[in-house]
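Source file: entry31.txt; contents: compact mmCIF, C-alpha atoms and all ligand atoms.
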```
# COMPACT_ATOMS: atom_id res chain seq x y z
CA MET I 768 -76.87 67.63 175.61
CA GLY I 769 -74.25 70.33 175.90
CA ASN I 770 -72.23 68.51 173.27
CA ASN I 771 -72.42 71.30 170.77
CA ASN I 772 -74.42 69.20 168.37
CA ILE I 773 -75.11 71.08 165.17
CA GLY I 774 -77.65 70.21 162.48
CA ILE I 775 -77.40 71.83 159.05
CA ASP I 776 -80.28 71.63 156.61
CA LEU I 777 -78.46 72.38 153.38
CA GLY I 778 -81.51 73.13 151.26
CA THR I 779 -81.71 74.07 147.61
CA THR I 780 -83.29 77.41 148.48
CA THR I 781 -82.66 77.84 152.20
CA THR I 782 -79.95 76.76 154.63
CA ILE I 783 -81.02 76.40 158.25
CA ILE I 784 -78.60 75.74 161.11
CA TYR I 785 -79.78 74.37 164.44
CA ILE I 786 -77.63 74.11 167.57
CA GLU I 787 -78.75 71.78 170.36
CA GLY I 788 -79.80 73.82 173.36
CA LYS I 789 -79.91 77.05 171.35
CA GLY I 790 -82.43 76.32 168.59
CA VAL I 791 -82.33 77.69 165.06
CA VAL I 792 -79.39 80.10 164.83
CA LEU I 793 -79.30 80.74 161.07
CA ASN I 794 -81.91 80.75 158.32
CA GLU I 795 -80.59 82.24 155.08
CA PRO I 796 -81.05 81.62 151.36
CA SER I 797 -78.54 79.15 149.85
CA VAL I 798 -77.19 81.79 147.49
CA VAL I 799 -73.67 82.97 146.68
CA ALA I 800 -72.72 86.24 144.93
CA VAL I 801 -69.58 85.73 142.90
CA ASN I 802 -67.38 88.05 140.82
CA THR I 803 -67.13 86.22 137.49
CA GLU I 804 -63.96 88.12 136.50
CA THR I 805 -61.94 87.18 139.57
CA GLY I 806 -63.90 84.11 140.77
CA LYS I 807 -64.05 85.74 144.21
CA VAL I 808 -67.09 85.12 146.43
CA MET I 809 -68.54 88.55 147.32
CA ALA I 810 -71.29 87.50 149.74
CA VAL I 811 -73.44 84.55 150.80
CA GLY I 812 -76.96 84.16 152.19
CA ASP I 813 -79.10 87.23 152.93
CA ASP I 814 -76.42 89.63 151.68
CA ALA I 815 -76.10 87.75 148.38
CA ALA I 816 -79.88 87.39 147.99
CA LYS I 817 -80.28 91.17 147.94
CA MET I 818 -78.21 91.09 144.74
CA VAL I 819 -80.36 88.52 142.84
CA GLY I 820 -81.61 90.06 139.59
CA ARG I 821 -79.89 93.36 140.39
CA THR I 822 -76.20 92.59 139.89
CA PRO I 823 -73.90 94.34 137.41
CA ALA I 824 -72.66 92.12 134.57
CA HIS I 825 -69.54 90.86 136.38
CA ILE I 826 -71.31 89.85 139.60
CA GLN I 827 -73.50 86.77 139.48
CA ALA I 828 -75.80 85.53 142.21
CA VAL I 829 -76.00 81.72 142.08
CA TYR I 830 -77.89 79.04 143.96
CA PRO I 831 -75.18 76.33 143.87
CA LEU I 832 -77.52 73.51 144.95
CA LYS I 833 -79.83 73.55 141.98
CA ASP I 834 -82.72 71.05 141.82
CA GLY I 835 -81.44 69.13 144.82
CA ILE I 836 -78.02 68.47 143.34
CA ILE I 837 -74.81 70.40 143.82
CA SER I 838 -74.24 72.22 140.56
CA ASP I 839 -71.13 74.03 141.75
CA TYR I 840 -68.73 72.20 144.07
CA LYS I 841 -66.49 75.17 144.93
CA LEU I 842 -69.31 77.61 145.64
CA THR I 843 -71.17 75.07 147.77
CA LYS I 844 -68.07 74.60 149.89
CA GLU I 845 -67.71 78.34 150.35
CA LEU I 846 -71.40 78.70 151.20
CA ILE I 847 -71.22 76.11 153.98
CA ARG I 848 -67.89 77.38 155.26
CA ARG I 849 -69.10 80.97 155.61
CA PHE I 850 -72.39 79.99 157.24
CA LEU I 851 -70.57 77.82 159.77
CA MET I 852 -68.07 80.59 160.54
CA LYS I 853 -71.02 82.81 161.48
CA VAL I 854 -72.35 80.40 164.09
CA TYR I 855 -69.07 78.90 165.28
CA SER I 856 -67.97 81.96 167.21
CA SER I 857 -70.48 81.04 169.94
CA LEU I 858 -69.04 77.53 170.45
CA ILE I 859 -66.44 76.50 173.00
CA VAL I 860 -65.96 72.82 172.15
CA LYS I 861 -65.46 71.44 168.64
CA PRO I 862 -68.94 70.33 167.58
CA GLN I 863 -70.40 67.19 166.11
CA VAL I 864 -72.07 68.22 162.88
CA ALA I 865 -74.84 66.45 160.98
CA VAL I 866 -75.70 67.71 157.52
CA CYS I 867 -78.89 66.98 155.67
CA VAL I 868 -77.99 66.74 152.01
CA PRO I 869 -80.44 66.74 149.10
CA SER I 870 -81.50 63.14 148.46
CA GLU I 871 -80.03 62.73 145.01
CA ILE I 872 -76.53 64.10 145.46
CA SER I 873 -73.64 61.88 144.48
CA GLY I 874 -70.50 60.85 146.33
CA ILE I 875 -68.34 63.56 144.86
CA GLU I 876 -70.89 66.20 145.81
CA ASN I 877 -71.00 64.83 149.34
CA ASP I 878 -67.24 65.31 149.48
CA ALA I 879 -67.71 69.05 148.97
CA VAL I 880 -70.00 69.15 151.99
CA ILE I 881 -67.69 67.04 154.14
CA GLU I 882 -64.59 69.06 153.20
CA ALA I 883 -66.36 72.34 153.96
CA VAL I 884 -67.48 71.19 157.41
CA ALA I 885 -64.08 69.64 158.16
CA SER I 886 -62.28 72.84 157.13
CA VAL I 887 -64.02 74.81 159.87
CA GLY I 888 -63.30 72.15 162.51
CA ALA I 889 -65.66 69.42 163.67
CA ARG I 890 -65.18 66.42 165.95
CA ARG I 891 -67.44 64.23 163.87
CA ILE I 892 -69.40 64.72 160.65
CA TYR I 893 -72.53 62.81 159.72
CA LEU I 894 -74.71 62.92 156.63
CA ILE I 895 -78.44 62.34 156.85
CA GLU I 896 -81.05 62.03 154.11
CA GLU I 897 -83.88 64.54 154.08
CA PRO I 898 -86.85 62.21 154.76
CA MET I 899 -85.10 60.77 157.82
CA ALA I 900 -84.29 64.24 159.12
CA ALA I 901 -87.84 65.43 158.47
CA SER I 902 -89.29 62.46 160.33
CA LEU I 903 -87.05 63.00 163.38
CA GLY I 904 -87.85 66.71 163.38
CA CYS I 905 -91.60 66.11 163.55
CA GLY I 906 -91.40 64.55 166.99
CA VAL I 907 -92.91 61.26 165.80
CA ASP I 908 -91.42 58.10 167.37
CA ILE I 909 -90.02 56.51 164.21
CA PHE I 910 -88.27 53.72 166.13
CA ARG I 911 -91.46 51.78 166.86
CA PRO I 912 -92.63 49.00 164.53
CA GLU I 913 -95.22 51.30 162.93
CA GLY I 914 -95.28 52.89 159.50
CA HIS I 915 -95.26 56.68 159.12
CA MET I 916 -95.33 58.56 155.84
CA PHE I 917 -93.63 61.91 155.33
CA ILE I 918 -93.71 64.22 152.32
CA ASP I 919 -91.13 67.01 152.33
CA VAL I 920 -91.93 69.66 149.73
CA GLY I 921 -88.78 71.76 149.42
CA GLY I 922 -87.57 74.20 146.79
CA GLY I 923 -85.72 71.75 144.55
CA THR I 924 -87.22 68.38 145.39
CA THR I 925 -90.21 66.73 146.98
CA ASP I 926 -89.13 63.69 148.99
CA VAL I 927 -91.61 61.02 149.99
CA ALA I 928 -90.74 58.28 152.49
CA VAL I 929 -92.33 55.61 154.61
CA VAL I 930 -90.35 55.16 157.82
CA SER I 931 -90.54 52.37 160.40
CA LEU I 932 -88.14 50.97 163.04
CA GLY I 933 -85.69 53.84 162.51
CA GLY I 934 -85.22 53.23 158.79
CA GLN I 935 -86.73 54.11 155.41
CA VAL I 936 -88.94 51.32 154.13
CA ARG I 937 -89.86 52.94 150.81
CA SER I 938 -88.96 56.32 149.34
CA ALA I 939 -89.11 58.33 146.13
CA SER I 940 -88.39 61.84 145.05
CA THR I 941 -89.47 64.25 142.30
CA THR I 942 -88.04 67.58 141.18
CA VAL I 943 -91.54 69.04 141.23
CA ALA I 944 -91.36 71.31 144.28
CA GLY I 945 -91.37 75.03 145.14
CA ASN I 946 -89.01 76.15 142.38
CA SER I 947 -90.77 74.28 139.61
CA ILE I 948 -94.11 75.63 140.80
CA ASP I 949 -92.63 79.14 140.44
CA GLU I 950 -91.46 78.26 136.92
CA ALA I 951 -94.90 76.90 135.99
CA LEU I 952 -96.49 80.16 137.14
CA ILE I 953 -93.95 82.28 135.22
CA HIS I 954 -94.70 80.22 132.11
CA HIS I 955 -98.46 80.58 132.58
CA LEU I 956 -98.26 84.38 132.90
CA ARG I 957 -96.12 84.61 129.77
CA ILE I 958 -98.51 82.51 127.70
CA ALA I 959 -101.88 83.65 129.07
CA HIS I 960 -101.11 87.31 129.85
CA SER I 961 -98.00 88.12 127.77
CA ILE I 962 -96.16 89.39 130.83
CA ALA I 963 -92.64 88.50 131.99
CA VAL I 964 -92.36 88.34 135.77
CA GLY I 965 -89.25 87.95 137.96
CA LYS I 966 -88.57 85.10 140.40
CA LYS I 967 -89.05 87.12 143.58
CA SER I 968 -92.40 88.56 142.47
CA ILE I 969 -93.70 85.17 141.41
CA GLU I 970 -92.77 83.60 144.74
CA THR I 971 -94.68 86.34 146.56
CA LEU I 972 -97.68 85.81 144.27
CA LYS I 973 -97.54 82.06 144.94
CA LYS I 974 -97.55 82.60 148.71
CA GLU I 975 -100.36 85.16 148.61
CA VAL I 976 -102.67 83.83 145.93
CA ALA I 977 -101.92 80.26 144.74
CA ASP I 978 -104.35 77.69 146.12
CA CYS I 979 -104.66 73.98 145.21
CA MET I 980 -108.32 74.09 146.27
CA ALA I 981 -109.12 77.41 144.57
CA ALA I 982 -112.86 78.00 144.22
CA PRO I 983 -114.92 81.16 143.63
CA GLU I 984 -115.83 81.42 147.35
CA ARG I 985 -112.18 81.38 148.52
CA ASN I 986 -110.65 83.28 145.62
CA ARG I 987 -107.83 85.71 146.43
CA SER I 988 -106.14 88.23 144.16
CA SER I 989 -102.99 90.30 144.05
CA THR I 990 -101.35 92.76 141.69
CA ILE I 991 -98.03 91.83 140.16
CA SER I 992 -95.48 93.96 138.29
CA GLY I 993 -93.50 92.82 135.28
CA ARG I 994 -92.66 93.65 131.68
CA SER I 995 -95.21 93.43 128.89
CA LEU I 996 -94.05 91.05 126.16
CA LEU I 997 -96.20 93.00 123.69
CA THR I 998 -94.93 96.55 124.33
CA GLY I 999 -91.65 95.86 126.16
CA LEU I 1000 -92.78 98.36 128.82
CA PRO I 1001 -93.41 97.89 132.57
CA GLN I 1002 -96.89 96.54 133.30
CA ARG I 1003 -99.08 95.73 136.30
CA LEU I 1004 -101.55 92.87 136.29
CA THR I 1005 -104.09 91.61 138.82
CA VAL I 1006 -104.04 87.82 139.15
CA ASP I 1007 -106.37 85.57 141.17
CA SER I 1008 -106.28 82.03 142.55
CA MET I 1009 -108.64 80.64 139.91
CA ASP I 1010 -106.39 81.91 137.15
CA LEU I 1011 -103.37 80.09 138.61
CA LEU I 1012 -105.24 76.88 139.43
CA PRO I 1013 -104.51 74.78 136.30
CA SER I 1014 -100.74 75.41 136.58
CA ILE I 1015 -100.78 74.70 140.32
CA LEU I 1016 -102.71 71.48 139.88
CA GLU I 1017 -100.32 70.20 137.21
CA CYS I 1018 -97.53 70.41 139.81
CA ALA I 1019 -99.64 69.06 142.68
CA GLU I 1020 -100.68 66.12 140.51
CA ASP I 1021 -97.03 65.17 140.10
CA ILE I 1022 -96.54 65.17 143.87
CA VAL I 1023 -99.62 62.93 144.15
CA ARG I 1024 -98.13 60.52 141.58
CA CYS I 1025 -94.86 60.32 143.53
CA ALA I 1026 -96.64 59.67 146.84
CA HIS I 1027 -99.00 57.21 145.21
CA GLY I 1028 -96.03 55.25 143.83
CA VAL I 1029 -94.56 54.95 147.33
CA LEU I 1030 -97.90 53.89 148.85
CA GLU I 1031 -98.33 51.23 146.17
CA GLN I 1032 -95.04 49.62 147.15
CA THR I 1033 -95.56 49.88 150.90
CA PRO I 1034 -96.11 46.54 152.68
CA PRO I 1035 -99.81 46.16 153.64
CA GLU I 1036 -99.25 46.26 157.43
CA LEU I 1037 -97.49 49.60 157.19
CA ALA I 1038 -100.03 50.92 154.67
CA GLY I 1039 -102.67 50.16 157.32
CA ASP I 1040 -100.74 52.25 159.87
CA ILE I 1041 -100.51 55.14 157.42
CA PHE I 1042 -104.23 54.89 156.76
CA SER I 1043 -105.00 55.32 160.46
CA GLU I 1044 -102.18 57.79 161.30
CA GLY I 1045 -102.22 59.90 158.14
CA VAL I 1046 -99.39 61.62 156.27
CA ILE I 1047 -97.22 64.46 157.58
CA LEU I 1048 -96.09 67.30 155.30
CA THR I 1049 -92.85 69.21 155.91
CA GLY I 1050 -90.73 71.75 153.98
CA GLY I 1051 -91.57 75.31 152.96
CA GLY I 1052 -93.56 74.04 149.98
CA SER I 1053 -96.02 72.34 152.34
CA LEU I 1054 -97.31 75.85 153.14
CA LEU I 1055 -98.78 76.12 149.65
CA ARG I 1056 -102.44 76.86 150.35
CA GLY I 1057 -104.73 73.85 150.02
CA LEU I 1058 -101.94 71.35 149.32
CA ASP I 1059 -102.76 69.28 152.42
CA GLU I 1060 -106.46 69.13 151.50
CA TYR I 1061 -105.69 68.31 147.88
CA LEU I 1062 -103.30 65.47 148.77
CA SER I 1063 -105.77 64.14 151.29
CA GLN I 1064 -108.51 64.09 148.68
CA LYS I 1065 -106.34 62.34 146.09
CA LEU I 1066 -104.54 59.85 148.37
CA LYS I 1067 -107.64 59.17 150.47
CA VAL I 1068 -105.77 59.49 153.78
CA LYS I 1069 -105.55 62.23 156.39
CA VAL I 1070 -102.79 64.73 155.59
CA ARG I 1071 -101.50 67.35 158.01
CA VAL I 1072 -98.75 69.94 157.90
CA ALA I 1073 -96.07 69.45 160.61
CA GLN I 1074 -96.03 71.90 163.50
CA ASP I 1075 -92.89 73.71 162.34
CA PRO I 1076 -92.62 72.62 158.68
CA VAL I 1077 -89.82 75.02 157.70
CA ASN I 1078 -87.42 74.15 160.56
CA CYS I 1079 -88.37 70.48 160.84
CA VAL I 1080 -85.47 69.13 158.78
CA ALA I 1081 -82.83 71.22 160.58
CA LEU I 1082 -84.26 70.16 163.94
CA GLY I 1083 -84.29 66.48 162.95
CA THR I 1084 -80.76 66.75 161.56
CA GLY I 1085 -79.54 68.10 164.90
CA ARG I 1086 -81.48 65.45 166.83
CA SER I 1087 -80.13 62.64 164.65
CA LEU I 1088 -76.82 62.90 166.54
CA ASP I 1089 -78.58 61.68 169.68
CA TYR I 1090 -79.96 58.67 167.82
CA ALA I 1091 -76.82 57.76 165.84
CA ASP I 1092 -76.82 54.14 167.09
CA ARG I 1093 -80.48 53.54 166.37
CA LEU I 1094 -80.84 54.91 162.85
CA GLU I 1095 -80.98 52.02 160.43
CA SER I 1096 -80.76 53.83 157.11
CA GLY I 1097 -80.36 57.26 155.54
CA PHE I 1098 -77.69 58.26 158.11
CA ARG I 1099 -73.94 57.70 158.07
CA ASN I 1100 -70.72 58.73 159.71
CA ALA I 1101 -68.69 60.71 157.16
CA THR I 1102 -65.89 61.96 159.43
CA PRO I 1103 -62.73 62.02 157.29
CA GLY I 1104 -60.56 59.06 158.28
CA LEU I 1105 -63.45 57.36 160.06
CA ARG I 1106 -65.71 56.50 157.14
CA GLY I 1107 -67.44 53.22 156.59
N1 LIG A 1 -96.36 80.17 152.27
C1 LIG A 1 -95.84 79.48 151.26
N2 LIG A 1 -96.62 79.04 150.23
C2 LIG A 1 -96.09 78.36 149.21
N3 LIG A 1 -94.79 78.06 149.09
C3 LIG A 1 -93.97 78.46 150.08
C4 LIG A 1 -94.43 79.18 151.21
N4 LIG A 1 -93.37 79.44 152.02
C5 LIG A 1 -92.29 78.91 151.42
N5 LIG A 1 -92.64 78.32 150.26
C6 LIG A 1 -91.76 77.66 149.27
O1 LIG A 1 -90.98 76.66 149.92
C7 LIG A 1 -89.79 76.46 149.16
C8 LIG A 1 -88.61 76.36 150.08
O2 LIG A 1 -88.83 75.31 150.99
P1 LIG A 1 -87.63 74.74 151.84
O3 LIG A 1 -86.97 75.84 152.59
O4 LIG A 1 -88.17 73.60 152.63
O5 LIG A 1 -86.70 74.24 150.67
P2 LIG A 1 -85.22 73.69 150.71
O6 LIG A 1 -85.06 72.84 151.93
O7 LIG A 1 -84.28 74.82 150.55
O8 LIG A 1 -85.18 72.81 149.39
P3 LIG A 1 -84.87 71.25 149.18
O9 LIG A 1 -85.40 70.53 150.39
O10 LIG A 1 -85.59 70.89 147.94
O11 LIG A 1 -83.40 71.17 149.03
C9 LIG A 1 -89.66 77.63 148.20
O12 LIG A 1 -89.96 77.21 146.88
C10 LIG A 1 -90.72 78.61 148.71
O13 LIG A 1 -91.27 79.39 147.66
MG MG A 2 -85.28 70.89 152.36
```

What does this structure look like when you write it as structure tokens?
Amino acid sequence: MGNNNIGIDLGTTTTIIYIEGKGVVLNEPSVVAVNTETGKVMAVGDDAAKMVGRTPAHIQAVYPLKDGIISDYKLTKELIRRFLMKVYSSLIVKPQVAVCVPSEISGIENDAVIEAVASVGARRIYLIEEPMAASLGCGVDIFRPEGHMFIDVGGGTTDVAVVSLGGQVRSASTTVAGNSIDEALIHHLRIAHSIAVGKKSIETLKKEVADCMAAPERNRSSTISGRSLLTGLPQRLTVDSMDLLPSILECAEDIVRCAHGVLEQTPPELAGDIFSEGVILTGGGSLLRGLDEYLSQKLKVKVRVAQDPVNCVALGTGRSLDYADRLESGFRNATPGLRG
């Protein structure tokens, strides 16, 4: 405690920074607004998000961590650097920083993260994989010889892991997550209702109306604005949960397949633990209405959403620094000059 331990959840859609003893100090979209003529970064986070879909031709708003991988090295570095600068002013001692990186990023992409953190000043830098961070953030004792299963439904990826004795026993990941659900809904509205809808509106519709367990008695509806593909003119359309159900289930089914694959490979003793303890959902995507019930029905185990699903990974990333010696996998020291 008092060590200025910082945890950064570098998510595809959202970056969350947690400081030990202070809590969550930053929660902003992982977006960068860049001037394509000069290459200059204009804004990051909330300020850049306001520009999405509304920028003049020479300003582009980009999410540099697309689908769980770093699609733009330079912009990712700038994103991290600027976020850290915002929270660093409150620190007296150089911090230890742990960063949760998307599970499928490669060595060279990790270097962008490490360089960005190092450039702002850090005593030590650690990288942690998302399922490990999620499990630590849930407050479950993952160091006991018991199996626990976590499913983190983020924006870019869904990560499934079985954890026991401080390490990952089995894990898998799929790119079916919040963003691809949005895309499936956009596609559905184009085909079924000939209307083009923007990303922000579709995300709102998903949160308000989409439901994996949609049924006539719990049907919800909302009105969405877009552009008619038939007339080219602005159009409003009322959409309900039942209408979105087939598209939602296609995505949910993929998450089931991923989790099922992990369960199939889990040693029987641990599978028994998971059967009695159930599965914990984390990540913003776990808030999709009915997802817990749907997964429970399909996987035939109890499924519950973590207490603070959105901040769980950032919290666990920060806490990982206290457990550095006990974490068996999915965590490593990446301090430049101290690696290995
Ligand atoms: N109430 C809700 N219902 C459905 N989806 C939601 C809800 N709230 C947030 N989401 C979705 O959660 C996703 C973001 O989750 P999260 O912040 O955990 O992702 P991330 O950590 O940035 O991504 P990743 O872990 O894949 O890198 C978005 O797709 C968002 O639309
Ligand atoms: Mg995440």

Nearest to Thr780 in chain I, restricted to only C-alpha atoms and choosing among I:Lys833, I:Lys967, I:Arg849, I:Arg1071, comes out as I:Lys833

ask   = Please, what distance in Å, to one decimal, runs between CA of Ile953 in chain I and CA of Ile969 in chain I?
value =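 One can read the CA of Ile953 in chain I to CA of Ile969 in chain I distance as 6.8 Å.
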
Output the neighbourhood of ligand LIG 1 (chain A) as a list in words, that is, all protein and nucleic acid residues with some atom at most 6 Å from the ligand, counting all atoms listed in the file. Gly778, Thr779, Thr780, Thr781, Gly835, Pro869, Gly921, Gly922, Gly923, Thr924, Gly945, Asn946, Glu970, Lys973, Lys974, Gly1050, Gly1051, Gly1052, Leu1054, Leu1055 and Val1077 of chain I

Contacts of range 853-868 of chain I at 9 Å (all atoms listed in the file; same-chain gap of 6+ positions) as number ranges by chain
I: 770-778, 784, 786, 792-793, 835-836, 877, 880-881, 884, 887-897, 900, 1080-1081, 1084-1088, 1100

Give as a ChimeraX atom specification each residue that has an atom at most 8 Å from (-103.1, 92.8, 131.6) in the file, counting all atoms listed in the file. /I:960-962,1002-1005

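If you measure from each of I:Met899, I:Ile1041, I:Ala977, I:Ala810 to ligand MG 2 (chain A) using only C-alpha atoms and all ligand atoms, the closest one turns out to be I:Met899.
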
* Work out how far apart CA of Asp919 in chain I and CA of Glu845 in chain I are and give it in Å to one decimal. =>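 Distance between the two atoms: 26.1 Å.
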